[in-house]
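Step one of this worksheet: look at the structure below.
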Amino acid sequence: MRPRPSTYRQNPNRTPSRHSLTVSTAIAINVAANTNLPGFRGPIYPDGSFGYLPIPEREQTAEPVPTYGDLLDELDAWPFAVDDEIRSLPVHLDPEFAGYPTCSQYTYGDEHGVKAGPLSELDPGDSLYFYATLTRHESPDSVETGPTVDWVAPDWGAYLIGEFRVDRVYDTAACEELTPADRQPVASNAHCKRDPFDAKVLVVGSDDSQLFDRAVPLSSPDSGSTANRIVTELSNDSGKGPWWRRRLWFDADATERLRAIVDGERSI
């Protein structure tokens with residue numbers, strides 16, 4: 001299956017949320033398959049479309065979770081072979097995006113305090129962006145793509161792949177107090193399926209959330225390791241060193257500008 005169609009403008013018909021007149025901030029965090037887990041990055045194609053796969057599940061779960069094979073069987077053809085050993089691995093499907101295989105809502109959880117603290121400070125109407133490192137591939141013949149764009153890095157790069165417009169946040173204290181019954185509204189989240197439940201923060205996205213159809217570059221067109229102006233001028237990050245592994249924070253003005261870039265109303 002393909003995520004919702006668009007170019008840079010991920011959802012041109014999206015209506016403003018009830019929080020759109022308030023001041024909002026944003027955080028972007030790194031997610032998805034990478035060269036360490038499970039050993040490869042997802043693909044990005046010359047038109048900016050991409051494939052999203054999560055990392056493997058490394059903890060015990062209280063119920064069966066999808067495998068890489070389950071997801072790949074539902075997604076468009078992959079541009080490279082994934083061996084049977086990896087296809088059999090269970091996945092940690094986090095973040096989950098409504099409309100993605102086996103997903104019906106927008107949730108993200110994290111068990112690490114270094115992320116839980118900043119994420120716990122998000123308010124309704126704020127943006128939680130997800131970015132991934134992706135490797136450039138030619139698309140399989142069966143995958144329909146559009147015109148080539150000039151911003152896809154030649155080998156690999158970091159790209160925004162989705163956004164939650166925050167609906168509610170369970171901070172660390174709230175997560176510690178959640179009973180199994182309390183977790184039912186977010187039971188589809190990967191951390192709620194772990195045994196034991198281990199989230200220190202849970203973020204729920206509103207219906208304005210989305211998995212993008214086209215990525216939004218954080219890397220320069222020349223090199224994946226070189227940050228573009230979204231990182232160096234809009235975020236709190238210097239863009240030096242392995243910035244593509246770090247949490248990026250955007251103040252209210254930067255968030256407004258970033259949303260305009262994502263919606264195709266402003267160039268990078």
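Every chain in the structure tokens takes a letter, A first, then B, and so on in the order presented; its residues are numbered from 1, and the ligands are numbered from 1 following the presented order.
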Write out as a PyMOL selection string which residues come within 7 Å of Ile55 of chain A when counting only C-alpha atoms, dropping same-chain ones fewer than 3 positions away. chain A and resi 32-33+37-38+91-92
Could you turn the residues from that selection into a file that holds C-alpha atoms, as a PDB file, in the first residue's frame?
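Written out: again.pdb:
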ATOM      1  CA  ALA A  32      12.877   3.684  11.458  1.00  0.00           C
ATOM      2  CA  ALA A  33      15.154   0.961  10.125  1.00  0.00           C
ATOM      3  CA  LEU A  37      18.841  -2.322  13.201  1.00  0.00           C
ATOM      4  CA  PRO A  38      17.988  -4.407  11.194  1.00  0.00           C
ATOM      5  CA  VAL A  91       9.033  -5.376  14.468  1.00  0.00           C
ATOM      6  CA  HIS A  92       8.792  -2.564  16.985  1.00  0.00           C
TER       7      HIS A  92
END
Tell me, as a short mmCIF file (atom, residue, chain, number, x, y, z; two decimals) with N, CA and C atoms, in the first residue's frame, which residues lie within 7 Å of segment 150-159 of chain A, counting only C-alpha atoms; anything in the same chain fewer than 4 positions away does not count.
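Everything below was put into selection_4.cif:
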data_model
loop_
_atom_site.label_atom_id
_atom_site.label_comp_id
_atom_site.auth_asym_id
_atom_site.auth_seq_id
_atom_site.Cartn_x
_atom_site.Cartn_y
_atom_site.Cartn_z
N PRO A 46 14.18 8.61 -6.59
CA PRO A 46 14.55 9.91 -7.17
C PRO A 46 13.44 10.96 -7.16
N GLY A 48 11.53 11.43 -4.55
CA GLY A 48 11.31 11.81 -3.15
C GLY A 48 10.36 10.93 -2.40
N TYR A 131 11.92 11.66 11.59
CA TYR A 131 12.82 11.62 10.44
C TYR A 131 13.58 10.30 10.44
N ALA A 132 14.03 9.91 9.25
CA ALA A 132 14.74 8.66 9.08
C ALA A 132 15.92 8.87 8.15
N THR A 133 16.94 8.04 8.30
CA THR A 133 18.00 7.99 7.30
C THR A 133 17.56 6.98 6.23
N LEU A 134 17.62 7.39 4.98
CA LEU A 134 17.14 6.60 3.85
C LEU A 134 18.23 6.54 2.79
N THR A 135 18.30 5.41 2.08
CA THR A 135 19.28 5.22 1.02
C THR A 135 18.61 5.35 -0.34
N ARG A 136 19.26 6.07 -1.23
CA ARG A 136 18.69 6.28 -2.57
C ARG A 136 18.72 4.99 -3.38
N ALA A 215 9.16 12.52 1.11
CA ALA A 215 10.00 12.95 2.22
C ALA A 215 10.28 14.44 2.12
N VAL A 216 10.75 15.01 3.21
CA VAL A 216 11.21 16.40 3.25
C VAL A 216 12.67 16.36 3.70
N PRO A 217 13.61 16.84 2.89
CA PRO A 217 15.03 16.65 3.20
C PRO A 217 15.51 17.48 4.38
N LEU A 218 16.34 16.84 5.19
CA LEU A 218 17.11 17.52 6.22
C LEU A 218 18.58 17.58 5.82
N SER A 219 18.99 16.70 4.90
CA SER A 219 20.34 16.69 4.37
C SER A 219 20.43 17.59 3.13
N SER A 220 21.65 17.99 2.80
CA SER A 220 21.87 18.74 1.57
C SER A 220 21.76 17.79 0.38
N PRO A 221 21.54 18.32 -0.84
CA PRO A 221 21.47 17.45 -2.01
C PRO A 221 22.79 16.78 -2.36
N ASP A 222 23.89 17.26 -1.79
CA ASP A 222 25.21 16.75 -2.14
C ASP A 222 25.71 15.65 -1.23
N SER A 223 25.28 15.67 0.03
CA SER A 223 25.83 14.71 0.99
C SER A 223 24.85 14.50 2.14
N GLY A 224 24.61 13.24 2.49
CA GLY A 224 23.70 12.94 3.58
C GLY A 224 24.15 13.48 4.91
N SER A 225 25.47 13.54 5.13
CA SER A 225 25.98 13.99 6.42
C SER A 225 26.01 15.50 6.57
N TRP A 244 22.21 13.71 12.54
CA TRP A 244 21.08 12.90 12.08
C TRP A 244 20.66 11.85 13.11
#
Going by DSSP on the backbone, which bits of segment 7-91 of chain A are alpha helix (DSSP H)? Write them as a CSV table (one decimal) with C-alpha atoms, in the first residue's frame, please.
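part_20.csv written:
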chain,number,residue,atom,x,y,z
A,68,TYR,CA,9.1,-7.6,8.6
A,69,GLY,CA,7.6,-10.2,6.3
A,70,ASP,CA,4.1,-9.2,7.3
A,71,LEU,CA,4.7,-5.6,6.5
A,72,LEU,CA,6.7,-6.1,3.3
A,73,ASP,CA,3.9,-8.4,2.0
A,74,GLU,CA,1.5,-5.4,2.4
A,84,ASP,CA,14.2,-14.8,5.2
A,85,GLU,CA,15.9,-14.4,8.6
A,86,ILE,CA,15.1,-10.7,8.7
A,87,ARG,CA,11.6,-11.2,7.3
Could you list, as JSON, numbers by chain, every residue within 9 Å of His191 of chain A, counting only C-alpha atoms and ignoring same-chain residues fewer than 6 positions away? {"A": [61, 92, 94, 108, 109, 110, 111, 197, 198, 199, 202]}
Segment 2-246 of chain A: which residues are strand (DSSP E) by DSSP, as a PyMOL selection string? chain A and resi 26-30+42-44+55-56+91-92+107-110+127-136+156-170+201-205+210-217
Residues from the last selection, C-alpha atoms, saved as a PDB file, in the first residue's frame:
ATOM      1  CA  ALA A  26       7.917  21.154  17.299  1.00  0.00           C
ATOM      2  CA  ILE A  27      10.368  18.337  17.937  1.00  0.00           C
ATOM      3  CA  ALA A  28      11.860  16.000  15.321  1.00  0.00           C
ATOM      4  CA  ILE A  29      13.284  12.616  16.337  1.00  0.00           C
ATOM      5  CA  ASN A  30      15.063   9.843  14.471  1.00  0.00           C
ATOM      6  CA  GLY A  42      14.628   2.197   3.999  1.00  0.00           C
ATOM      7  CA  PRO A  43      14.701   3.363   0.374  1.00  0.00           C
ATOM      8  CA  ILE A  44      14.132   6.806  -1.038  1.00  0.00           C
ATOM      9  CA  ILE A  55      13.280  -1.233  13.802  1.00  0.00           C
ATOM     10  CA  PRO A  56      13.110  -4.816  15.133  1.00  0.00           C
ATOM     11  CA  VAL A  91       9.033  -5.376  14.468  1.00  0.00           C
ATOM     12  CA  HIS A  92       8.792  -2.564  16.985  1.00  0.00           C
ATOM     13  CA  THR A 107       0.837   6.786  18.600  1.00  0.00           C
ATOM     14  CA  TYR A 108       4.463   6.955  19.611  1.00  0.00           C
ATOM     15  CA  GLY A 109       6.106   5.748  22.816  1.00  0.00           C
ATOM     16  CA  ASP A 110       9.613   5.839  24.204  1.00  0.00           C
ATOM     17  CA  SER A 127       4.133  18.968  16.074  1.00  0.00           C
ATOM     18  CA  LEU A 128       6.124  15.812  16.593  1.00  0.00           C
ATOM     19  CA  TYR A 129       8.069  15.143  13.388  1.00  0.00           C
ATOM     20  CA  PHE A 130       9.728  11.855  12.593  1.00  0.00           C
ATOM     21  CA  TYR A 131      12.819  11.616  10.444  1.00  0.00           C
ATOM     22  CA  ALA A 132      14.740   8.657   9.084  1.00  0.00           C
ATOM     23  CA  THR A 133      18.001   7.985   7.298  1.00  0.00           C
ATOM     24  CA  LEU A 134      17.142   6.598   3.854  1.00  0.00           C
ATOM     25  CA  THR A 135      19.278   5.224   1.022  1.00  0.00           C
ATOM     26  CA  ARG A 136      18.694   6.282  -2.566  1.00  0.00           C
ATOM     27  CA  TRP A 156      21.943   8.299   1.844  1.00  0.00           C
ATOM     28  CA  GLY A 157      20.391  11.218   3.673  1.00  0.00           C
ATOM     29  CA  ALA A 158      18.130  12.220   6.560  1.00  0.00           C
ATOM     30  CA  TYR A 159      14.519  13.094   5.729  1.00  0.00           C
ATOM     31  CA  LEU A 160      11.319  13.972   7.523  1.00  0.00           C
ATOM     32  CA  ILE A 161       8.874  11.130   6.868  1.00  0.00           C
ATOM     33  CA  GLY A 162       5.837  12.001   8.980  1.00  0.00           C
ATOM     34  CA  GLU A 163       4.218  14.289  11.508  1.00  0.00           C
ATOM     35  CA  PHE A 164       1.923  13.987  14.499  1.00  0.00           C
ATOM     36  CA  ARG A 165      -0.196  16.994  15.348  1.00  0.00           C
ATOM     37  CA  VAL A 166      -0.249  16.292  19.054  1.00  0.00           C
ATOM     38  CA  ASP A 167      -3.595  15.404  20.564  1.00  0.00           C
ATOM     39  CA  ARG A 168      -2.419  14.328  24.013  1.00  0.00           C
ATOM     40  CA  VAL A 169       0.716  13.268  25.862  1.00  0.00           C
ATOM     41  CA  TYR A 170       1.135  10.809  28.714  1.00  0.00           C
ATOM     42  CA  VAL A 201       6.159   8.840  27.459  1.00  0.00           C
ATOM     43  CA  LEU A 202       3.285   8.189  25.047  1.00  0.00           C
ATOM     44  CA  VAL A 203       2.257  10.681  22.386  1.00  0.00           C
ATOM     45  CA  VAL A 204      -1.079  10.418  20.583  1.00  0.00           C
ATOM     46  CA  GLY A 205      -1.532  12.237  17.296  1.00  0.00           C
ATOM     47  CA  GLN A 210       0.178  11.709   8.649  1.00  0.00           C
ATOM     48  CA  LEU A 211       2.871   9.507   7.173  1.00  0.00           C
ATOM     49  CA  PHE A 212       4.165  11.566   4.287  1.00  0.00           C
ATOM     50  CA  ASP A 213       4.055  10.350   0.705  1.00  0.00           C
ATOM     51  CA  ARG A 214       7.122  12.428  -0.172  1.00  0.00           C
ATOM     52  CA  ALA A 215      10.000  12.947   2.216  1.00  0.00           C
ATOM     53  CA  VAL A 216      11.214  16.402   3.251  1.00  0.00           C
ATOM     54  CA  PRO A 217      15.027  16.650   3.197  1.00  0.00           C
TER      55      PRO A 217
END
Rank A:Leu75, A:Leu178, A:Ala62, A:Cys103 by their smallest atom-to-atom distance to Lys193 of chain A, using only C-alpha atoms, and report the top residue only. A:Ala62
